[in-house]
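Visitor: Sending over final_32.txt (compact mmCIF, C-alpha atoms).
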```txt
# COMPACT_ATOMS: atom_id res chain seq x y z
CA MET F 5 0.00 0.00 0.00
CA ILE F 6 1.42 3.40 -0.99
CA ASP F 7 1.67 5.84 1.90
CA GLY F 8 0.71 9.38 0.97
CA LEU F 9 -2.14 11.80 0.37
CA ARG F 10 -5.61 10.53 -0.51
CA ASN F 11 -8.69 12.57 -1.35
CA LEU F 12 -10.19 12.34 2.14
CA ASP F 13 -7.08 13.00 4.22
CA PRO F 14 -8.36 14.92 7.30
CA ALA F 15 -5.53 17.44 6.89
CA LEU F 16 -7.21 18.77 3.76
CA ARG F 17 -9.96 20.27 5.90
CA ARG F 18 -7.43 22.95 6.96
CA ALA F 19 -7.25 24.45 3.46
CA TRP F 20 -9.25 26.44 0.93
CA HIS F 21 -11.02 24.33 -1.71
CA PRO F 22 -13.09 25.20 -4.78
CA LEU F 23 -16.70 24.19 -4.16
CA CYS F 24 -18.57 25.45 -7.23
CA ARG F 25 -18.73 28.26 -9.76
CA ALA F 26 -20.08 31.62 -8.65
CA THR F 27 -22.95 31.28 -11.12
CA ASP F 28 -24.07 28.15 -9.25
CA ALA F 29 -24.99 30.27 -6.22
CA THR F 30 -28.51 31.61 -6.83
CA VAL F 31 -31.74 32.02 -4.87
CA THR F 32 -32.34 28.33 -5.50
CA PRO F 33 -30.36 26.18 -3.03
CA ARG F 34 -27.98 23.63 -4.57
CA ALA F 35 -25.91 20.83 -3.07
CA PHE F 36 -22.20 20.26 -3.73
CA THR F 37 -19.93 17.65 -2.19
CA LEU F 38 -16.43 18.35 -0.86
CA LEU F 39 -14.28 15.93 1.15
CA GLY F 40 -17.23 13.57 1.57
CA GLN F 41 -19.45 16.32 3.04
CA ASN F 42 -22.52 17.75 1.30
CA TYR F 43 -22.90 21.54 1.43
CA VAL F 44 -25.89 23.67 0.47
CA VAL F 45 -25.06 26.86 -1.46
CA PHE F 46 -27.33 29.83 -2.15
CA ARG F 47 -27.08 33.59 -2.62
CA SER F 48 -28.99 36.11 -0.53
CA PRO F 49 -30.78 39.09 -2.15
CA GLU F 50 -27.87 41.41 -1.36
CA GLY F 51 -25.56 39.07 -3.28
CA LYS F 52 -23.87 37.39 -0.33
CA VAL F 53 -23.00 33.72 -0.80
CA ARG F 54 -24.18 31.42 2.00
CA VAL F 55 -22.79 27.93 2.52
CA PHE F 56 -23.90 25.46 5.20
CA VAL F 57 -23.66 21.74 5.74
CA ASP F 58 -26.58 20.33 3.76
CA ARG F 59 -28.46 19.03 6.78
CA CYS F 60 -31.30 20.41 8.86
CA PRO F 61 -30.56 19.83 12.60
CA HIS F 62 -34.13 18.61 13.16
CA ARG F 63 -34.32 15.37 11.15
CA PHE F 64 -31.19 15.79 9.01
CA ALA F 65 -33.19 16.41 5.83
CA PRO F 66 -31.17 17.96 2.96
CA LEU F 67 -31.58 21.72 3.06
CA SER F 68 -30.81 21.85 -0.66
CA LEU F 69 -34.38 20.58 -1.16
CA GLY F 70 -35.71 23.66 0.62
CA THR F 71 -36.40 27.21 -0.53
CA CYS F 72 -34.88 30.62 0.01
CA GLU F 73 -36.97 33.38 1.55
CA GLY F 74 -34.93 36.54 1.32
CA ALA F 75 -31.69 35.91 3.18
CA SER F 76 -33.20 32.89 4.97
CA ILE F 77 -33.55 29.25 3.96
CA ARG F 78 -36.53 27.05 4.83
CA CYS F 79 -36.33 23.27 5.17
CA ALA F 80 -38.68 21.37 2.88
CA TYR F 81 -39.48 18.70 5.50
CA HIS F 82 -41.01 20.57 8.47
CA GLY F 83 -40.59 24.18 7.40
CA TRP F 84 -37.91 25.17 9.90
CA ALA F 85 -36.39 28.50 8.78
CA PHE F 86 -32.81 29.68 9.36
CA ASP F 87 -31.38 33.17 8.93
CA GLN F 88 -28.24 34.19 7.05
CA ASP F 89 -26.07 33.13 10.01
CA GLY F 90 -27.72 29.72 10.23
CA VAL F 91 -29.72 30.52 13.37
CA CYS F 92 -33.23 29.03 13.51
CA ILE F 93 -35.83 31.80 13.37
CA GLU F 94 -39.02 29.79 13.00
CA ILE F 95 -40.43 26.34 13.80
CA PRO F 96 -43.97 26.36 12.36
CA ALA F 97 -45.16 23.42 14.46
CA LEU F 98 -44.51 25.40 17.68
CA GLY F 99 -46.39 28.54 16.73
CA PRO F 100 -45.20 32.17 16.55
CA ASP F 101 -44.36 32.70 20.24
CA ALA F 102 -42.35 29.55 20.89
CA THR F 103 -38.93 29.47 22.49
CA LEU F 104 -36.63 27.97 19.89
CA PRO F 105 -33.98 25.39 20.89
CA PRO F 106 -30.49 26.95 21.02
CA ARG F 107 -29.11 23.89 19.24
CA ALA F 108 -31.36 24.58 16.25
CA LYS F 109 -28.52 26.09 14.25
CA LEU F 110 -26.92 25.18 10.94
CA GLU F 111 -23.33 24.05 10.72
CA GLY F 112 -21.12 25.91 8.28
CA PRO F 113 -17.53 25.84 7.04
CA ALA F 114 -14.88 27.94 8.75
CA GLY F 115 -14.65 30.24 5.75
CA VAL F 116 -16.37 31.14 2.47
CA TYR F 117 -14.55 33.10 -0.22
CA GLU F 118 -15.52 34.24 -3.71
CA SER F 119 -12.88 35.03 -6.33
CA HIS F 120 -12.34 34.72 -10.12
CA ALA F 121 -15.94 33.52 -10.56
CA MET F 122 -15.43 30.61 -8.15
CA ILE F 123 -16.67 29.93 -4.63
CA PHE F 124 -14.15 28.51 -2.17
CA VAL F 125 -14.69 27.08 1.29
CA ALA F 126 -12.40 26.09 4.13
CA PRO F 127 -14.09 23.33 6.17
CA ASP F 128 -11.87 24.13 9.18
CA ALA F 129 -9.68 27.16 9.99
CA PRO F 130 -7.41 27.34 6.94
CA LEU F 131 -3.64 27.15 7.07
CA THR F 132 -3.41 28.07 3.38
CA SER F 133 -3.99 31.44 1.75
CA ALA F 134 -7.13 32.24 -0.24
CA PRO F 135 -6.43 31.73 -3.97
CA THR F 136 -6.60 34.43 -6.63
CA ILE F 137 -5.93 34.79 -10.36
CA ALA F 138 -4.74 38.25 -11.40
CA SER F 139 -5.88 37.95 -15.03
CA ALA F 140 -9.50 37.54 -13.88
CA ASN F 141 -9.53 41.22 -12.86
CA ASP F 142 -7.88 42.45 -16.07
CA PRO F 143 -10.52 43.74 -18.52
CA SER F 144 -8.24 42.94 -21.47
CA PHE F 145 -8.74 39.22 -20.82
CA GLN F 146 -11.67 37.23 -22.18
CA ARG F 147 -12.94 34.38 -19.99
CA GLY F 148 -14.20 30.98 -21.07
CA ASP F 149 -15.25 28.03 -18.91
CA LEU F 150 -14.71 24.38 -19.76
CA PRO F 151 -17.55 21.94 -18.94
CA VAL F 152 -17.41 20.59 -15.38
CA ILE F 153 -15.83 17.15 -15.21
CA GLU F 154 -16.54 14.45 -12.62
CA THR F 155 -14.27 11.42 -12.73
CA ARG F 156 -12.52 8.74 -10.73
CA ALA F 157 -9.14 10.20 -9.82
CA SER F 158 -6.80 11.37 -7.08
CA ALA F 159 -6.81 15.14 -6.59
CA GLY F 160 -3.14 14.97 -5.62
CA LEU F 161 -2.16 12.98 -8.70
CA LEU F 162 -4.12 15.38 -10.92
CA ALA F 163 -2.25 18.33 -9.41
CA ASP F 164 0.99 16.45 -10.02
CA ASN F 165 -0.03 15.83 -13.63
CA PHE F 166 -0.94 19.50 -14.23
CA LEU F 167 2.48 20.66 -13.02
CA ASP F 168 4.46 17.95 -14.81
CA MET F 169 6.35 19.17 -17.89
CA ALA F 170 7.91 15.92 -19.07
CA HIS F 171 4.71 14.17 -20.18
CA PHE F 172 3.78 16.62 -22.96
CA PRO F 173 5.32 14.71 -25.94
CA PHE F 174 3.76 11.45 -24.82
CA ILE F 175 0.30 11.90 -23.27
CA HIS F 176 -0.46 14.91 -25.48
CA ALA F 177 0.85 13.61 -28.80
CA GLY F 178 -2.66 13.99 -30.23
CA THR F 179 -3.01 17.69 -29.36
CA PHE F 180 -0.04 19.97 -28.70
CA GLY F 181 2.63 17.47 -27.68
CA ALA F 182 3.68 16.19 -31.09
CA GLY F 183 5.96 19.16 -31.67
CA GLU F 184 7.23 19.43 -28.09
CA ALA F 185 10.88 18.80 -27.26
CA ARG F 186 11.39 15.79 -25.02
CA GLU F 187 14.07 17.42 -22.93
CA VAL F 188 12.77 19.70 -20.15
CA PRO F 189 14.84 22.91 -19.96
CA ASN F 190 16.20 24.17 -16.68
CA TYR F 191 13.74 26.22 -14.65
CA THR F 192 13.35 27.78 -11.22
CA VAL F 193 10.79 27.16 -8.48
CA THR F 194 10.14 29.87 -5.88
CA ARG F 195 8.10 28.93 -2.83
CA THR F 196 6.22 31.15 -0.38
CA GLY F 197 4.38 29.33 2.41
CA TYR F 198 1.94 26.89 0.85
CA THR F 199 2.30 28.42 -2.62
CA PHE F 200 5.00 28.38 -5.29
CA GLU F 201 5.75 29.64 -8.77
CA ALA F 202 7.83 28.02 -11.51
CA VAL F 203 8.97 29.76 -14.71
CA TYR F 204 10.63 28.45 -17.84
CA GLU F 205 10.92 29.33 -21.51
CA HIS F 206 11.11 27.10 -24.56
CA ASP F 207 10.53 26.89 -28.30
CA PHE F 208 7.22 25.50 -29.58
CA ALA F 209 5.11 25.21 -32.73
CA HIS F 210 2.61 28.11 -32.54
CA ARG F 211 -0.11 26.72 -34.82
CA GLU F 212 -2.76 29.14 -33.49
CA ASP F 213 -0.83 32.24 -34.58
CA PRO F 214 -2.51 33.85 -37.64
CA GLY F 215 0.85 35.41 -38.40
CA VAL F 216 2.25 32.00 -39.28
CA ALA F 217 -0.28 31.45 -42.06
CA ALA F 218 0.31 35.02 -43.27
CA GLY F 219 4.04 34.44 -43.46
CA ILE F 220 4.75 37.18 -40.90
CA ARG F 221 6.23 34.88 -38.27
CA PRO F 222 7.80 31.41 -38.30
CA LEU F 223 5.98 28.36 -36.96
CA ILE F 224 8.59 27.73 -34.25
CA GLN F 225 8.38 30.53 -31.72
CA ARG F 226 9.31 31.28 -28.11
CA ARG F 227 6.99 31.23 -25.12
CA ARG F 228 7.24 31.63 -21.34
CA LEU F 229 5.33 29.29 -19.04
CA THR F 230 4.57 30.37 -15.47
CA TYR F 231 3.02 27.79 -13.17
CA ARG F 232 1.38 29.09 -9.98
CA TYR F 233 0.27 26.70 -7.27
CA ASN F 234 -1.82 27.35 -4.17
CA ALA F 235 -2.18 24.33 -1.90
CA PRO F 236 -3.83 22.02 -2.03
CA PHE F 237 -5.59 21.93 -5.42
CA HIS F 238 -5.66 25.37 -7.02
CA LEU F 239 -3.42 25.57 -10.09
CA GLU F 240 -2.72 28.15 -12.78
CA LEU F 241 -0.64 28.12 -15.94
CA ALA F 242 0.09 31.46 -17.65
CA ILE F 243 1.53 31.20 -21.16
CA GLU F 244 3.11 34.32 -22.68
CA PHE F 245 3.72 34.22 -26.43
CA LEU F 246 6.97 36.13 -26.68
CA ASP F 247 7.06 36.41 -30.48
CA ALA F 248 3.40 36.73 -31.45
CA GLY F 249 2.33 38.58 -28.28
CA GLY F 250 -0.65 37.82 -26.07
CA SER F 251 -1.25 35.59 -23.08
CA ASN F 252 -3.20 32.43 -22.33
CA VAL F 253 -4.05 31.71 -18.67
CA PHE F 254 -5.47 28.33 -17.71
CA GLY F 255 -7.02 27.78 -14.28
CA PHE F 256 -7.40 24.22 -13.01
CA PHE F 257 -9.41 23.79 -9.79
CA ILE F 258 -9.80 20.29 -8.32
CA VAL F 259 -12.49 19.28 -5.80
CA PRO F 260 -11.85 16.05 -3.86
CA VAL F 261 -15.42 14.74 -3.70
CA ASP F 262 -14.82 11.43 -1.95
CA ASP F 263 -12.00 8.94 -1.64
CA GLU F 264 -12.09 7.93 -5.31
CA ASN F 265 -13.74 10.78 -7.18
CA VAL F 266 -13.08 14.40 -8.02
CA ARG F 267 -14.87 17.31 -9.66
CA ILE F 268 -12.80 19.53 -11.96
CA TYR F 269 -13.47 23.16 -12.81
CA SER F 270 -11.31 24.69 -15.55
CA SER F 271 -11.32 28.19 -17.02
CA LEU F 272 -9.43 30.12 -19.68
CA TRP F 273 -8.44 33.78 -19.66
CA ARG F 274 -7.07 35.02 -22.99
CA ASN F 275 -6.17 38.45 -24.33
CA ASP F 276 -5.26 37.31 -27.84
CA LEU F 277 -8.66 36.36 -29.29
CA ASP F 278 -9.96 39.87 -30.10
CA GLY F 279 -13.12 39.15 -28.10
CA SER F 280 -14.19 36.45 -30.53
CA LYS F 281 -16.67 33.97 -29.05
CA GLU F 282 -16.00 31.57 -31.92
CA ARG F 283 -12.25 31.56 -31.26
CA MET F 284 -12.85 31.09 -27.52
CA ASP F 285 -15.18 28.17 -28.24
CA GLU F 286 -12.44 26.61 -30.36
CA ALA F 287 -9.90 27.20 -27.59
CA ILE F 288 -12.19 25.53 -25.04
CA LYS F 289 -12.72 22.57 -27.37
CA PHE F 290 -8.96 22.19 -27.73
CA GLU F 291 -8.35 22.39 -23.96
CA MET F 292 -11.05 19.77 -23.37
CA ALA F 293 -9.19 17.44 -25.72
CA VAL F 294 -6.00 18.07 -23.71
CA VAL F 295 -7.76 17.32 -20.41
CA ASP F 296 -9.30 14.17 -21.88
CA GLU F 297 -5.82 12.96 -22.78
CA ASP F 298 -4.70 13.47 -19.19
CA LEU F 299 -7.76 11.73 -17.74
CA SER F 300 -7.31 8.74 -20.03
CA LEU F 301 -4.34 7.91 -17.81
CA GLN F 302 -5.20 9.56 -14.48
CA SER F 303 -8.59 7.84 -14.15
CA ARG F 304 -6.92 4.44 -14.51
CA PHE F 305 -4.39 4.68 -11.68
CA GLU F 306 -4.89 1.61 -9.53
CA VAL F 307 -3.89 3.34 -6.29
CA LEU F 308 -5.33 6.83 -5.90
CA THR F 309 -2.61 8.15 -3.61
CA LEU F 310 0.01 10.87 -4.11
CA PRO F 311 3.21 9.72 -2.35
CA LEU F 312 4.57 12.47 -0.09
CA ASN F 313 7.75 10.73 1.03
CA ILE F 314 10.33 11.99 -1.48
CA ILE F 315 12.43 8.81 -1.32
CA GLU F 316 9.49 6.55 -2.22
CA GLU F 317 9.61 7.46 -5.91
CA VAL F 318 12.47 8.10 -8.33
CA HIS F 319 12.88 11.80 -9.18
CA THR F 320 15.08 13.69 -11.64
CA ARG F 321 15.99 17.35 -12.22
CA ALA F 322 13.01 17.60 -14.60
CA ASP F 323 10.73 16.93 -11.60
CA LYS F 324 11.66 19.95 -9.47
CA ILE F 325 8.16 21.38 -9.62
CA THR F 326 6.36 18.15 -8.73
CA VAL F 327 8.86 17.43 -5.95
CA GLU F 328 8.02 20.86 -4.55
CA LEU F 329 4.32 19.92 -4.72
CA ARG F 330 5.04 16.92 -2.50
CA ARG F 331 7.00 19.05 -0.04
CA VAL F 332 4.26 21.67 0.24
CA LEU F 333 1.53 19.08 0.74
CA SER F 334 3.68 17.16 3.22
CA ASP F 335 4.20 20.35 5.23
CA LEU F 336 0.45 21.06 5.12
CA VAL F 337 -0.39 17.57 6.35
CA THR F 338 2.22 17.79 9.13
CA ALA F 339 1.01 21.22 10.28
CA ALA F 340 -2.64 20.13 10.28
CA ARG F 341 -1.89 16.97 12.24
CA GLU F 342 0.27 18.80 14.77
CA SER F 343 -2.47 21.38 15.23
CA ALA F 344 -5.04 18.63 15.76
CA GLY F 345 -2.75 17.00 18.33
CA GLN F 346 -2.34 20.25 20.25
CA ALA F 347 -6.09 20.84 20.22
CA SER F 348 -6.79 17.42 21.69
```
Show me the file's structure as structure tokens.
Guide:
Amino acid sequence: MIDGLRNLDPALRRAWHPLCRATDATVTPRAFTLLGQNYVVFRSPEGKVRVFVDRCPHRFAPLSLGTCEGASIRCAYHGWAFDQDGVCIEIPALGPDATLPPRAKLEGPAGVYESHAMIFVAPDAPLTSAPTIASANDPSFQRGDLPVIETRASAGLLADNFLDMAHFPFIHAGTFGAGEAREVPNYTVTRTGYTFEAVYEHDFAHREDPGVAAGIRPLIQRRRLTYRYNAPFHLELAIEFLDAGGSNVFGFFIVPVDDENVRIYSSLWRNDLDGSKERMDEAIKFEMAVVDEDLSLQSRFEVLTLPLNIIEEVHTRADKITVELRRVLSDLVTAARESAGQAS
């Protein structure tokens, strides 16, 4: 049995996780699962996102089957109503003047955070920083969302795969990898707390560049790749086209649903499509093909565990970024477990 990080490691409760897209939070309650726990999500009239454990304290009925009444939510089973802080404000069966049980209160995560059109939650007090993507606030960038994916996979192994640079010519031979060099150039990794950034430049075949077809620029051009990681499962890849100009930012947000399944949210931010919906649709279609290539392997791992002990696997200089991933997650797990030990 491989020792390492699985989807339901208790230490992951001490971090920020994507839960759903911001557009999923409306006046109609919806349920989303994270770390084996169902949460109900809705948005109050003033636009505030509310997230609670999807369970009424009375008979544990799913609150996601209920209705919103202003900033309050009402359970569909017996009509108990709870305000925006989760405090029970009405039990119809007891009448209007009843004293309500103090324990009639909803359970919520330690934190709720909305950024770059995503909703994040921290089940317990987070050790990690709240994630952001700078391009999301830049009006020159056009955003496009890939379809949500649910699949059997390890969130840790998917993060490892996203950061890995050596698999391009092999797994992605059917999309962009056919023209990729097999040798990974030297690059640097800079870590800050539970985040890091890695930057490298290389030559590639820029088939999307209209200037190639026009004879203005050569097919083989230069680009800079900047990977940004925020533990545990928030990843970003910014691609700068140094010859043709423009940038392509890809956000990859992984939700560990249960011990063997994940939900994946992916988004594109691009400033090189001239606002064209058709070109963005084509870009999304291409990125979906890339993700499908990754999942054709990742969904078939027999053991859904990311090893955190560095000596358990064989690493090379090309793996600096994925080794750093293991170190960050190992430190997070250690800190969470030590904190739990002190609390007990």
Visitor: By how many Å are atom CA of Ala15 of chain F and atom CA of Ala235 of chain F apart?
Guide: 11.7 Å
Visitor: Leaving out Ile175 of chain F and any residue of its chain fewer than 4 positions from it, which residues lie within 12 Å of it when counting all atoms listed in the file, given as a PDB file with C-alpha atoms, in the frame of the given file?
Guide:
```pdb
ATOM      1  CA  ASN F 165      -0.030  15.830 -13.630  1.00  0.00           C
ATOM      2  CA  PHE F 166      -0.940  19.500 -14.230  1.00  0.00           C
ATOM      3  CA  ASP F 168       4.460  17.950 -14.810  1.00  0.00           C
ATOM      4  CA  MET F 169       6.350  19.170 -17.890  1.00  0.00           C
ATOM      5  CA  ALA F 170       7.910  15.920 -19.070  1.00  0.00           C
ATOM      6  CA  HIS F 171       4.710  14.170 -20.180  1.00  0.00           C
ATOM      7  CA  THR F 179      -3.010  17.690 -29.360  1.00  0.00           C
ATOM      8  CA  PHE F 180      -0.040  19.970 -28.700  1.00  0.00           C
ATOM      9  CA  GLY F 181       2.630  17.470 -27.680  1.00  0.00           C
ATOM     10  CA  ALA F 182       3.680  16.190 -31.090  1.00  0.00           C
ATOM     11  CA  GLU F 184       7.230  19.430 -28.090  1.00  0.00           C
ATOM     12  CA  ARG F 186      11.390  15.790 -25.020  1.00  0.00           C
ATOM     13  CA  ALA F 293      -9.190  17.440 -25.720  1.00  0.00           C
ATOM     14  CA  VAL F 294      -6.000  18.070 -23.710  1.00  0.00           C
ATOM     15  CA  VAL F 295      -7.760  17.320 -20.410  1.00  0.00           C
ATOM     16  CA  ASP F 296      -9.300  14.170 -21.880  1.00  0.00           C
ATOM     17  CA  GLU F 297      -5.820  12.960 -22.780  1.00  0.00           C
ATOM     18  CA  ASP F 298      -4.700  13.470 -19.190  1.00  0.00           C
ATOM     19  CA  LEU F 299      -7.760  11.730 -17.740  1.00  0.00           C
ATOM     20  CA  SER F 300      -7.310   8.740 -20.030  1.00  0.00           C
ATOM     21  CA  LEU F 301      -4.340   7.910 -17.810  1.00  0.00           C
ATOM     22  CA  GLN F 302      -5.200   9.560 -14.480  1.00  0.00           C
TER      23      GLN F 302
END
```
Visitor: For Pro14 of chain F, find every residue with an atom within 12 Å (counting only C-alpha atoms), except residues of its own chain fewer than 4 positions away, and show them as a VMD selection string.
Guide: chain F and resid 9 to 10 18 to 19 38 to 41 127 to 128 260 262 to 263 336 to 341 343 to 344
Visitor: Output C-alpha atoms for every residue in the selection just made, as an mmCIF file, in the coordinates of the input.
Guide:
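So the final result, stored in out-v4.cif, reads:
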```
data_model
loop_
_atom_site.group_PDB
_atom_site.id
_atom_site.type_symbol
_atom_site.label_atom_id
_atom_site.label_comp_id
_atom_site.auth_asym_id
_atom_site.auth_seq_id
_atom_site.Cartn_x
_atom_site.Cartn_y
_atom_site.Cartn_z
ATOM 1 C CA LEU F 9 -2.140 11.800 0.370
ATOM 2 C CA ARG F 10 -5.610 10.530 -0.510
ATOM 3 C CA ARG F 18 -7.430 22.950 6.960
ATOM 4 C CA ALA F 19 -7.250 24.450 3.460
ATOM 5 C CA LEU F 38 -16.430 18.350 -0.860
ATOM 6 C CA LEU F 39 -14.280 15.930 1.150
ATOM 7 C CA GLY F 40 -17.230 13.570 1.570
ATOM 8 C CA GLN F 41 -19.450 16.320 3.040
ATOM 9 C CA PRO F 127 -14.090 23.330 6.170
ATOM 10 C CA ASP F 128 -11.870 24.130 9.180
ATOM 11 C CA PRO F 260 -11.850 16.050 -3.860
ATOM 12 C CA ASP F 262 -14.820 11.430 -1.950
ATOM 13 C CA ASP F 263 -12.000 8.940 -1.640
ATOM 14 C CA LEU F 336 0.450 21.060 5.120
ATOM 15 C CA VAL F 337 -0.390 17.570 6.350
ATOM 16 C CA THR F 338 2.220 17.790 9.130
ATOM 17 C CA ALA F 339 1.010 21.220 10.280
ATOM 18 C CA ALA F 340 -2.640 20.130 10.280
ATOM 19 C CA ARG F 341 -1.890 16.970 12.240
ATOM 20 C CA SER F 343 -2.470 21.380 15.230
ATOM 21 C CA ALA F 344 -5.040 18.630 15.760
#
```
Visitor: Under the rule that only C-alpha atoms are counted, which of F:Arg25, F:Lys281, F:Arg147, F:Arg321 is the nearest residue to Phe257 of chain F?
Guide: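 Distance minimum relative to Phe257 of chain F lands on F:Arg25.
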Visitor: Mind checking which residues fall within 12 Å of Pro189 of chain F, counting only C-alpha atoms, ignoring those fewer than 6 positions away in the same chain, and posting them as a ChimeraX atom specification?
Guide: /F:169-170,203-207,228-229,321-324
Visitor: Separation of atom CA of Glu316 of chain F and atom CA of Gly8 of chain F, in Å?
Guide: 9.8 Å
Visitor: Would you please work out which residue, of F:Glu291, F:Glu240, F:Asp278, F:Glu73, is nearest to Asp149 of chain F when using only C-alpha atoms?
Guide: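 So, comparing all the options, the nearest one is F:Glu291.
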Visitor: Calculated over only C-alpha atoms, which of the candidates F:Leu12, F:Val253, F:Ala35, F:Val125 has the smallest distance to Phe145 of chain F?
Guide: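 For Phe145 of chain F, the nearest of the candidates is F:Val253.
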Visitor: In Å, rounded to a single decimal, give me how far atom CA of Leu23 of chain F is from atom CA of Asp87 of chain F.
Guide: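 These atoms are spaced 21.6 Å apart.
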Visitor: Write out as a PyMOL selection string which residues come within 10 Å of segment 309-315 of chain F when counting all atoms listed in the file, dropping same-chain ones fewer than 3 positions away.
Guide: chain F and resi 5-11+157-164+263-264+305-306+318-319+327-335+337
Visitor: Go through F:Leu308, F:Gly115, F:Gly219, F:Ile77 one by one, measure the shortest atom-to-atom distance of each to Arg156 of chain F using only C-alpha atoms, and give the residue with the smallest value.
Guide: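 So, comparing all the options, the nearest one is F:Leu308.
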Visitor: Just checking: using only C-alpha atoms, which residue out of F:Val259, F:Ala209, F:Leu277, F:Cys92 ends up closest to Asp247 of chain F?
Guide: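 For Asp247 of chain F, the nearest of the given residues is F:Ala209.
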Visitor: Extract, using all atoms listed in the file, all DNA, RNA and protein residues at most 10 Å from Ile288 of chain F, discarding same-chain residues fewer than 4 positions from it, and format them as a ChimeraX atom specification.
Guide: /F:148-151,270-272,282-284,292-294
Visitor: Looking at only C-alpha atoms, which of F:Leu241, F:Val116, F:Val193, F:Ala218 is the one that sits closest to Thr326 of chain F?
Guide: F:Val193
Visitor: Show me, as lines of an AutoDock Vina configuration file, the centre and edge lengths in Å to one decimal of the axis-aligned box that covers every listed atom of segment 256-269 of chain F with 4 Å on each side.
Guide:
```
center_x = -11.4
center_y = 16.1
center_z = -7.3
size_x = 16.0
size_y = 24.3
size_z = 19.4
```
Visitor: Would you mind writing segment 83-98 of chain F with N, CA and C atoms, as a PDB file, in the coordinates of the input?
Guide:
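Dumped to result-v9.pdb:
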```pdb
ATOM      1  N   GLY F  83     -40.463  22.741   7.526  1.00  0.00           N
ATOM      2  CA  GLY F  83     -40.590  24.180   7.400  1.00  0.00           C
ATOM      3  C   GLY F  83     -39.740  25.006   8.341  1.00  0.00           C
ATOM      4  N   TRP F  84     -38.774  24.381   9.033  1.00  0.00           N
ATOM      5  CA  TRP F  84     -37.910  25.170   9.900  1.00  0.00           C
ATOM      6  C   TRP F  84     -37.164  26.183   9.035  1.00  0.00           C
ATOM      7  N   ALA F  85     -37.059  27.433   9.525  1.00  0.00           N
ATOM      8  CA  ALA F  85     -36.390  28.500   8.780  1.00  0.00           C
ATOM      9  C   ALA F  85     -35.141  28.948   9.537  1.00  0.00           C
ATOM     10  N   PHE F  86     -34.104  29.288   8.785  1.00  0.00           N
ATOM     11  CA  PHE F  86     -32.810  29.680   9.360  1.00  0.00           C
ATOM     12  C   PHE F  86     -32.351  30.965   8.689  1.00  0.00           C
ATOM     13  N   ASP F  87     -31.803  31.882   9.495  1.00  0.00           N
ATOM     14  CA  ASP F  87     -31.380  33.170   8.930  1.00  0.00           C
ATOM     15  C   ASP F  87     -30.017  33.046   8.261  1.00  0.00           C
ATOM     16  N   GLN F  88     -29.471  34.186   7.823  1.00  0.00           N
ATOM     17  CA  GLN F  88     -28.240  34.190   7.050  1.00  0.00           C
ATOM     18  C   GLN F  88     -27.037  33.692   7.844  1.00  0.00           C
ATOM     19  N   ASP F  89     -27.146  33.664   9.171  1.00  0.00           N
ATOM     20  CA  ASP F  89     -26.070  33.130  10.010  1.00  0.00           C
ATOM     21  C   ASP F  89     -26.313  31.682  10.414  1.00  0.00           C
ATOM     22  N   GLY F  90     -27.413  31.107   9.923  1.00  0.00           N
ATOM     23  CA  GLY F  90     -27.720  29.720  10.230  1.00  0.00           C
ATOM     24  C   GLY F  90     -28.507  29.527  11.509  1.00  0.00           C
ATOM     25  N   VAL F  91     -28.947  30.604  12.128  1.00  0.00           N
ATOM     26  CA  VAL F  91     -29.720  30.520  13.370  1.00  0.00           C
ATOM     27  C   VAL F  91     -31.192  30.275  13.036  1.00  0.00           C
ATOM     28  N   CYS F  92     -31.821  29.328  13.738  1.00  0.00           N
ATOM     29  CA  CYS F  92     -33.230  29.030  13.510  1.00  0.00           C
ATOM     30  C   CYS F  92     -34.093  30.205  13.952  1.00  0.00           C
ATOM     31  N   ILE F  93     -34.976  30.651  13.068  1.00  0.00           N
ATOM     32  CA  ILE F  93     -35.830  31.800  13.370  1.00  0.00           C
ATOM     33  C   ILE F  93     -37.312  31.437  13.383  1.00  0.00           C
ATOM     34  N   GLU F  94     -37.610  30.203  12.973  1.00  0.00           N
ATOM     35  CA  GLU F  94     -39.020  29.790  13.000  1.00  0.00           C
ATOM     36  C   GLU F  94     -39.141  28.273  12.964  1.00  0.00           C
ATOM     37  N   ILE F  95     -40.022  27.744  13.843  1.00  0.00           N
ATOM     38  CA  ILE F  95     -40.430  26.340  13.800  1.00  0.00           C
ATOM     39  C   ILE F  95     -41.955  26.349  13.722  1.00  0.00           C
ATOM     40  N   PRO F  96     -42.520  26.207  12.539  1.00  0.00           N
ATOM     41  CA  PRO F  96     -43.970  26.360  12.360  1.00  0.00           C
ATOM     42  C   PRO F  96     -44.809  25.517  13.303  1.00  0.00           C
ATOM     43  N   ALA F  97     -44.362  24.316  13.616  1.00  0.00           N
ATOM     44  CA  ALA F  97     -45.160  23.420  14.460  1.00  0.00           C
ATOM     45  C   ALA F  97     -45.310  23.940  15.886  1.00  0.00           C
ATOM     46  N   LEU F  98     -44.458  24.882  16.313  1.00  0.00           N
ATOM     47  CA  LEU F  98     -44.510  25.400  17.680  1.00  0.00           C
ATOM     48  C   LEU F  98     -45.272  26.715  17.791  1.00  0.00           C
TER      49      LEU F  98
END
```
